[in-house]
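Participant: Below is the structure I would like to discuss, written out as structure tokens.
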Protein chains: 2
Amino acid sequence: MKMEKLIGDILRQNGWTLSIAESCTGGLICDCITDVPGSSDYFMGGMVTYSNESKVKYLGVPIKDIKGYGAVSPQVAKKMAQGVRKAFGTTFGLSSTGIAGPTGGSKEKPVGLIFIGLVKGKKTWVMKLNLKGSRREIKQKATRKALQFIYKTLIHSELIAKTSRSWSLLEENTCPLI
Amino acid sequence: MKMEKLIGDILRQNGWTLSIAESCTGGLICDCITDVPGSSDYFMGGMVTYSNESKVKYLGVPIKDIKGYGAVSPQVAKKMAQGVRKAFGTTFGLSSTGIAGPTGGSKEKPVGLIFIGLVKGKKTWVMKLNLKGSRREIKQKATRKALQFIYKTLIHSELIAKTSRSWSLLEENTCPLI
């Protein structure tokens, strides 16, 4: 079964929703998620924020973060994920920022450097990728990694939710298993 | 040469910019446009407005239009294109709204009914499509049609711009050819 279908099933089963902010992947993650029939039940929408202005205006990324760390940085990936989650009012917010190439790379930030951000409530995760290939291949690999990342996090979140629930039923004031 | 490359060349040559609001195509048009290296020069960004709330909040589509005509209507396609153009401050705004299926269709609005909106300044065009196929095929066909639509309009706009310029150089107060 395709990863985007598995993601959709977990989101629906838990009543969770998702929004996505994409820079380097340029809409491809949204495209995958919306290939699943009925995805409008849990996917509220996305933003393809190619320009820095749109990252500031629609995702609330502080201009000082873009200037200080660069648009391709874990800090901006985190703020993009937080921003899109807030904008669409969803359970999870996912983001991508990176250098798809073939130009735009440097020694410090080469082509293929990608950060994937994911946020749920106050919890934020950022994944760093160093990918090889053509522009299209880098977009595709980053998208696949982003989908795997959210899938694993959803599985983990589901486990925590279920475990916490069962523990709270069993015994109050007991630490959950995870 | 691929359509998205041709579109990029015309946009760049004329100093024009583009933004895209997608509903039924779910990010696929943005994905195609951003496959072209250097597309960040003319593509400012996009929005995947799956929920009606996001169409209202980010694109300024009047709720009365969504309630009155439905989210899948030429009126909403027009307002989405106008809204995204305004949001990103671009020369052109492109939009898609439709029913990708396999569910969600009705007798009046069957699966495969898609409206593509395009706006430049005060000029707006809306194209109606009736497509067949799976959800993925409908997304792909709608995207191809949208790219052809903007390509033809760009060629036309370029011709008008060039013709007007040459006429204005040749003779003042003369009607342009087109």
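Letters A, B, ... go to the chains of the structure tokens in the order shown; residues in each chain start at 1; ligands are counted from 1 in the same order.
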Contacts from chain A to chain B, 8 Å maximum, only C-alpha atoms: show me the residue list as a list in words.
Facilitator: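 Taking only C-alpha atoms into account, Thr25, Gly26, Gly27, Leu28, Ile29, Cys30, Asp31, Thr34, Asp35, Pro37, Gly38, Ser40, Phe43, Met44, Gly45, Gly46, Met47, Val48, Thr49, Tyr50, Ser51, Ser54, Phe88, Gly101, Pro102, Thr103, Arg135 and Arg136 of chain A sit within 8 Å of chain B.
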Participant: Taking the DSSP assignment computed from this structure's backbone, write out as a ChimeraX atom specification all residues of stretch 35-80 of chain B that belong to alpha helix (DSSP H).
Facilitator: /B:52-59,63-69,74-80
Participant: With C-alpha atoms kept, could you save the residues just selected as an mmCIF file, in the first residue's frame?
Facilitator:
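Writing the result to part.cif gives the following:
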```
data_model
loop_
_atom_site.group_PDB
_atom_site.id
_atom_site.type_symbol
_atom_site.label_atom_id
_atom_site.label_comp_id
_atom_site.auth_asym_id
_atom_site.auth_seq_id
_atom_site.Cartn_x
_atom_site.Cartn_y
_atom_site.Cartn_z
ATOM 1 C CA ASN B 52 -13.567 26.162 1.721
ATOM 2 C CA GLU B 53 -12.281 28.087 4.749
ATOM 3 C CA SER B 54 -8.856 28.465 3.156
ATOM 4 C CA LYS B 55 -10.400 29.659 -0.119
ATOM 5 C CA VAL B 56 -12.119 32.418 1.854
ATOM 6 C CA LYS B 57 -9.259 33.201 4.252
ATOM 7 C CA TYR B 58 -6.286 33.254 1.878
ATOM 8 C CA LEU B 59 -7.805 33.892 -1.544
ATOM 9 C CA ILE B 63 -18.457 32.840 1.070
ATOM 10 C CA LYS B 64 -21.656 33.810 -0.780
ATOM 11 C CA ASP B 65 -20.058 32.657 -4.061
ATOM 12 C CA ILE B 66 -19.123 29.285 -2.548
ATOM 13 C CA LYS B 67 -22.605 28.876 -1.050
ATOM 14 C CA GLY B 68 -24.394 30.267 -4.101
ATOM 15 C CA TYR B 69 -22.492 28.653 -6.978
ATOM 16 C CA PRO B 74 -16.523 29.327 -12.892
ATOM 17 C CA GLN B 75 -17.255 32.119 -10.398
ATOM 18 C CA VAL B 76 -15.076 30.532 -7.697
ATOM 19 C CA ALA B 77 -12.315 29.664 -10.210
ATOM 20 C CA LYS B 78 -12.239 33.341 -11.207
ATOM 21 C CA LYS B 79 -12.133 34.589 -7.615
ATOM 22 C CA MET B 80 -9.397 32.060 -6.713
#
```
Participant: Just to confirm, what's the straight-line distance from atom CA of B:Lys152 to atom CA of B:Met3 in Å (one decimal)?
Facilitator: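 Atom CA of B:Met3 lies at a distance of 10.4 Å from atom CA of B:Lys152.
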Participant: Apply DSSP to the structure's backbone, then extract all residues of stretch 33-162 of chain B labelled strand (DSSP E) and return them as a ChimeraX atom specification.
Facilitator: /B:43-49,92-98,113-120,123-130
Participant: Write out as a PyMOL selection string the residues lying within 7 Å of A:Leu113, counting only C-alpha atoms and excluding same-chain residues fewer than 6 positions away.
Facilitator: chain A and resi 98-99+129-131
Participant: Restrict the selected residues to N, CA and C atoms and save them as a PDB file, in the first residue's frame.
Facilitator:
```pdb
ATOM      1  N   GLY A  98      14.836  23.629   1.040  1.00  0.00           N
ATOM      2  CA  GLY A  98      16.109  23.062   0.615  1.00  0.00           C
ATOM      3  C   GLY A  98      16.538  23.580  -0.734  1.00  0.00           C
ATOM      4  N   ILE A  99      17.594  22.966  -1.249  1.00  0.00           N
ATOM      5  CA  ILE A  99      18.152  23.394  -2.536  1.00  0.00           C
ATOM      6  C   ILE A  99      18.017  22.236  -3.526  1.00  0.00           C
ATOM      7  N   LEU A 129      18.429  16.268   5.323  1.00  0.00           N
ATOM      8  CA  LEU A 129      18.722  15.318   4.250  1.00  0.00           C
ATOM      9  C   LEU A 129      19.842  15.847   3.370  1.00  0.00           C
ATOM     10  N   ASN A 130      20.676  14.955   2.879  1.00  0.00           N
ATOM     11  CA  ASN A 130      21.660  15.302   1.850  1.00  0.00           C
ATOM     12  C   ASN A 130      21.413  14.370   0.683  1.00  0.00           C
ATOM     13  N   LEU A 131      20.759  14.895  -0.342  1.00  0.00           N
ATOM     14  CA  LEU A 131      20.314  14.051  -1.447  1.00  0.00           C
ATOM     15  C   LEU A 131      21.124  14.304  -2.720  1.00  0.00           C
TER      16      LEU A 131
END
```
Participant: Do you have the atom CA of B:Ile138-atom CA of A:Thr97 distance handy?
Facilitator: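 It comes out at 28.6 Å.
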Participant: Using only C-alpha atoms, can you tell me which of A:Leu6, A:Val61, A:Val111, A:Met127 comes closest to A:Ala146?
Facilitator: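 Between A:Leu6, A:Val61, A:Val111, A:Met127, the residue approaching A:Ala146 most closely is A:Met127.
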Participant: Can you measure atom CA of B:Gly105 to atom CA of B:Thr143 for me? One decimal in Å is fine.
Facilitator: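 Spanning atom CA of B:Gly105 to atom CA of B:Thr143 is a straight-line distance of 19.4 Å.
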Participant: Can you tell me, as a PDB file with N, CA and C atoms, in the first residue's frame, what residues are no more than 12 Å from B:Leu154 when counting only C-alpha atoms, ignoring any on the same chain fewer than 5 positions away?
Facilitator:
```
ATOM      1  N   MET B   3       6.130  21.946 -21.809  1.00  0.00           N
ATOM      2  CA  MET B   3       5.261  23.120 -21.700  1.00  0.00           C
ATOM      3  C   MET B   3       5.686  24.054 -20.561  1.00  0.00           C
ATOM      4  N   GLU B   4       6.045  23.475 -19.396  1.00  0.00           N
ATOM      5  CA  GLU B   4       6.393  24.311 -18.244  1.00  0.00           C
ATOM      6  C   GLU B   4       7.681  25.109 -18.486  1.00  0.00           C
ATOM      7  N   LEU B   6       8.600  26.202 -21.580  1.00  0.00           N
ATOM      8  CA  LEU B   6       8.174  27.250 -22.523  1.00  0.00           C
ATOM      9  C   LEU B   6       7.491  28.390 -21.757  1.00  0.00           C
ATOM     10  N   ILE B   7       6.640  28.015 -20.804  1.00  0.00           N
ATOM     11  CA  ILE B   7       5.941  29.011 -19.975  1.00  0.00           C
ATOM     12  C   ILE B   7       6.959  29.853 -19.215  1.00  0.00           C
ATOM     13  N   GLY B   8       7.920  29.176 -18.606  1.00  0.00           N
ATOM     14  CA  GLY B   8       8.969  29.865 -17.847  1.00  0.00           C
ATOM     15  C   GLY B   8       9.749  30.844 -18.709  1.00  0.00           C
ATOM     16  N   ASP B   9      10.073  30.418 -19.928  1.00  0.00           N
ATOM     17  CA  ASP B   9      10.847  31.280 -20.832  1.00  0.00           C
ATOM     18  C   ASP B   9      10.087  32.572 -21.155  1.00  0.00           C
ATOM     19  N   ILE B  10       8.801  32.436 -21.454  1.00  0.00           N
ATOM     20  CA  ILE B  10       8.006  33.634 -21.801  1.00  0.00           C
ATOM     21  C   ILE B  10       7.868  34.548 -20.589  1.00  0.00           C
ATOM     22  N   LEU B  11       7.608  33.958 -19.418  1.00  0.00           N
ATOM     23  CA  LEU B  11       7.472  34.771 -18.198  1.00  0.00           C
ATOM     24  C   LEU B  11       8.764  35.548 -17.948  1.00  0.00           C
ATOM     25  N   ARG B  12       9.900  34.851 -18.028  1.00  0.00           N
ATOM     26  CA  ARG B  12      11.186  35.487 -17.739  1.00  0.00           C
ATOM     27  C   ARG B  12      11.508  36.589 -18.766  1.00  0.00           C
ATOM     28  N   GLN B  13      11.292  36.287 -20.035  1.00  0.00           N
ATOM     29  CA  GLN B  13      11.604  37.247 -21.096  1.00  0.00           C
ATOM     30  C   GLN B  13      10.809  38.550 -20.957  1.00  0.00           C
ATOM     31  N   ASN B  14       9.611  38.428 -20.414  1.00  0.00           N
ATOM     32  CA  ASN B  14       8.756  39.613 -20.292  1.00  0.00           C
ATOM     33  C   ASN B  14       8.787  40.239 -18.896  1.00  0.00           C
ATOM     34  N   GLY B  15       9.535  39.626 -17.992  1.00  0.00           N
ATOM     35  CA  GLY B  15       9.589  40.130 -16.617  1.00  0.00           C
ATOM     36  C   GLY B  15       8.273  39.930 -15.885  1.00  0.00           C
ATOM     37  N   TRP B  16       7.536  38.899 -16.297  1.00  0.00           N
ATOM     38  CA  TRP B  16       6.248  38.605 -15.667  1.00  0.00           C
ATOM     39  C   TRP B  16       6.423  37.560 -14.557  1.00  0.00           C
ATOM     40  N   THR B  17       5.471  37.559 -13.609  1.00  0.00           N
ATOM     41  CA  THR B  17       5.502  36.582 -12.514  1.00  0.00           C
ATOM     42  C   THR B  17       4.175  35.834 -12.424  1.00  0.00           C
ATOM     43  N   LEU B  18       4.211  34.705 -11.732  1.00  0.00           N
ATOM     44  CA  LEU B  18       3.045  33.812 -11.681  1.00  0.00           C
ATOM     45  C   LEU B  18       2.830  33.278 -10.269  1.00  0.00           C
ATOM     46  N   THR B  91       2.023  39.033 -11.794  1.00  0.00           N
ATOM     47  CA  THR B  91       1.400  39.476 -13.048  1.00  0.00           C
ATOM     48  C   THR B  91       0.202  38.588 -13.383  1.00  0.00           C
ATOM     49  N   PHE B  92       0.408  37.278 -13.300  1.00  0.00           N
ATOM     50  CA  PHE B  92      -0.644  36.320 -13.616  1.00  0.00           C
ATOM     51  C   PHE B  92      -1.037  35.513 -12.372  1.00  0.00           C
ATOM     52  N   GLY B  93      -2.301  35.149 -12.303  1.00  0.00           N
ATOM     53  CA  GLY B  93      -2.800  34.238 -11.265  1.00  0.00           C
ATOM     54  C   GLY B  93      -3.541  33.101 -11.947  1.00  0.00           C
ATOM     55  N   LEU B  94      -3.228  31.866 -11.565  1.00  0.00           N
ATOM     56  CA  LEU B  94      -3.848  30.689 -12.178  1.00  0.00           C
ATOM     57  C   LEU B  94      -4.580  29.905 -11.086  1.00  0.00           C
ATOM     58  N   LEU B 118      -7.797  32.042 -14.931  1.00  0.00           N
ATOM     59  CA  LEU B 118      -6.532  32.727 -15.217  1.00  0.00           C
ATOM     60  C   LEU B 118      -6.805  34.217 -15.227  1.00  0.00           C
ATOM     61  N   VAL B 119      -5.939  34.976 -14.575  1.00  0.00           N
ATOM     62  CA  VAL B 119      -6.162  36.411 -14.499  1.00  0.00           C
ATOM     63  C   VAL B 119      -4.861  37.175 -14.738  1.00  0.00           C
ATOM     64  N   LYS B 120      -5.004  38.263 -15.474  1.00  0.00           N
ATOM     65  CA  LYS B 120      -3.895  39.219 -15.643  1.00  0.00           C
ATOM     66  C   LYS B 120      -4.515  40.608 -15.532  1.00  0.00           C
ATOM     67  N   LEU B 147      -1.733  24.104 -18.072  1.00  0.00           N
ATOM     68  CA  LEU B 147      -0.440  24.575 -18.601  1.00  0.00           C
ATOM     69  C   LEU B 147      -0.598  25.056 -20.046  1.00  0.00           C
ATOM     70  N   GLN B 148      -1.362  24.331 -20.846  1.00  0.00           N
ATOM     71  CA  GLN B 148      -1.621  24.762 -22.232  1.00  0.00           C
ATOM     72  C   GLN B 148      -2.361  26.101 -22.254  1.00  0.00           C
ATOM     73  N   PHE B 149      -3.300  26.231 -21.341  1.00  0.00           N
ATOM     74  CA  PHE B 149      -4.131  27.428 -21.232  1.00  0.00           C
ATOM     75  C   PHE B 149      -3.266  28.656 -20.927  1.00  0.00           C
ATOM     76  N   LEU B 159       2.124  38.945 -27.621  1.00  0.00           N
ATOM     77  CA  LEU B 159       1.828  39.509 -28.942  1.00  0.00           C
ATOM     78  C   LEU B 159       1.182  40.882 -28.795  1.00  0.00           C
ATOM     79  N   ILE B 160       0.219  40.961 -27.870  1.00  0.00           N
ATOM     80  CA  ILE B 160      -0.460  42.237 -27.639  1.00  0.00           C
ATOM     81  C   ILE B 160       0.545  43.281 -27.156  1.00  0.00           C
ATOM     82  N   ALA B 161       1.393  42.852 -26.192  1.00  0.00           N
ATOM     83  CA  ALA B 161       2.379  43.784 -25.624  1.00  0.00           C
ATOM     84  C   ALA B 161       3.326  44.281 -26.709  1.00  0.00           C
ATOM     85  N   LYS B 162       3.823  43.351 -27.519  1.00  0.00           N
ATOM     86  CA  LYS B 162       4.776  43.716 -28.574  1.00  0.00           C
ATOM     87  C   LYS B 162       4.117  44.574 -29.638  1.00  0.00           C
TER      88      LYS B 162
END
```
Participant: Neighbours of B:Lys128 within 7 Å (only C-alpha atoms; same-chain residues fewer than 3 positions away dropped), as an MDAnalysis selection string?
Facilitator: chainID B and resid 114:116
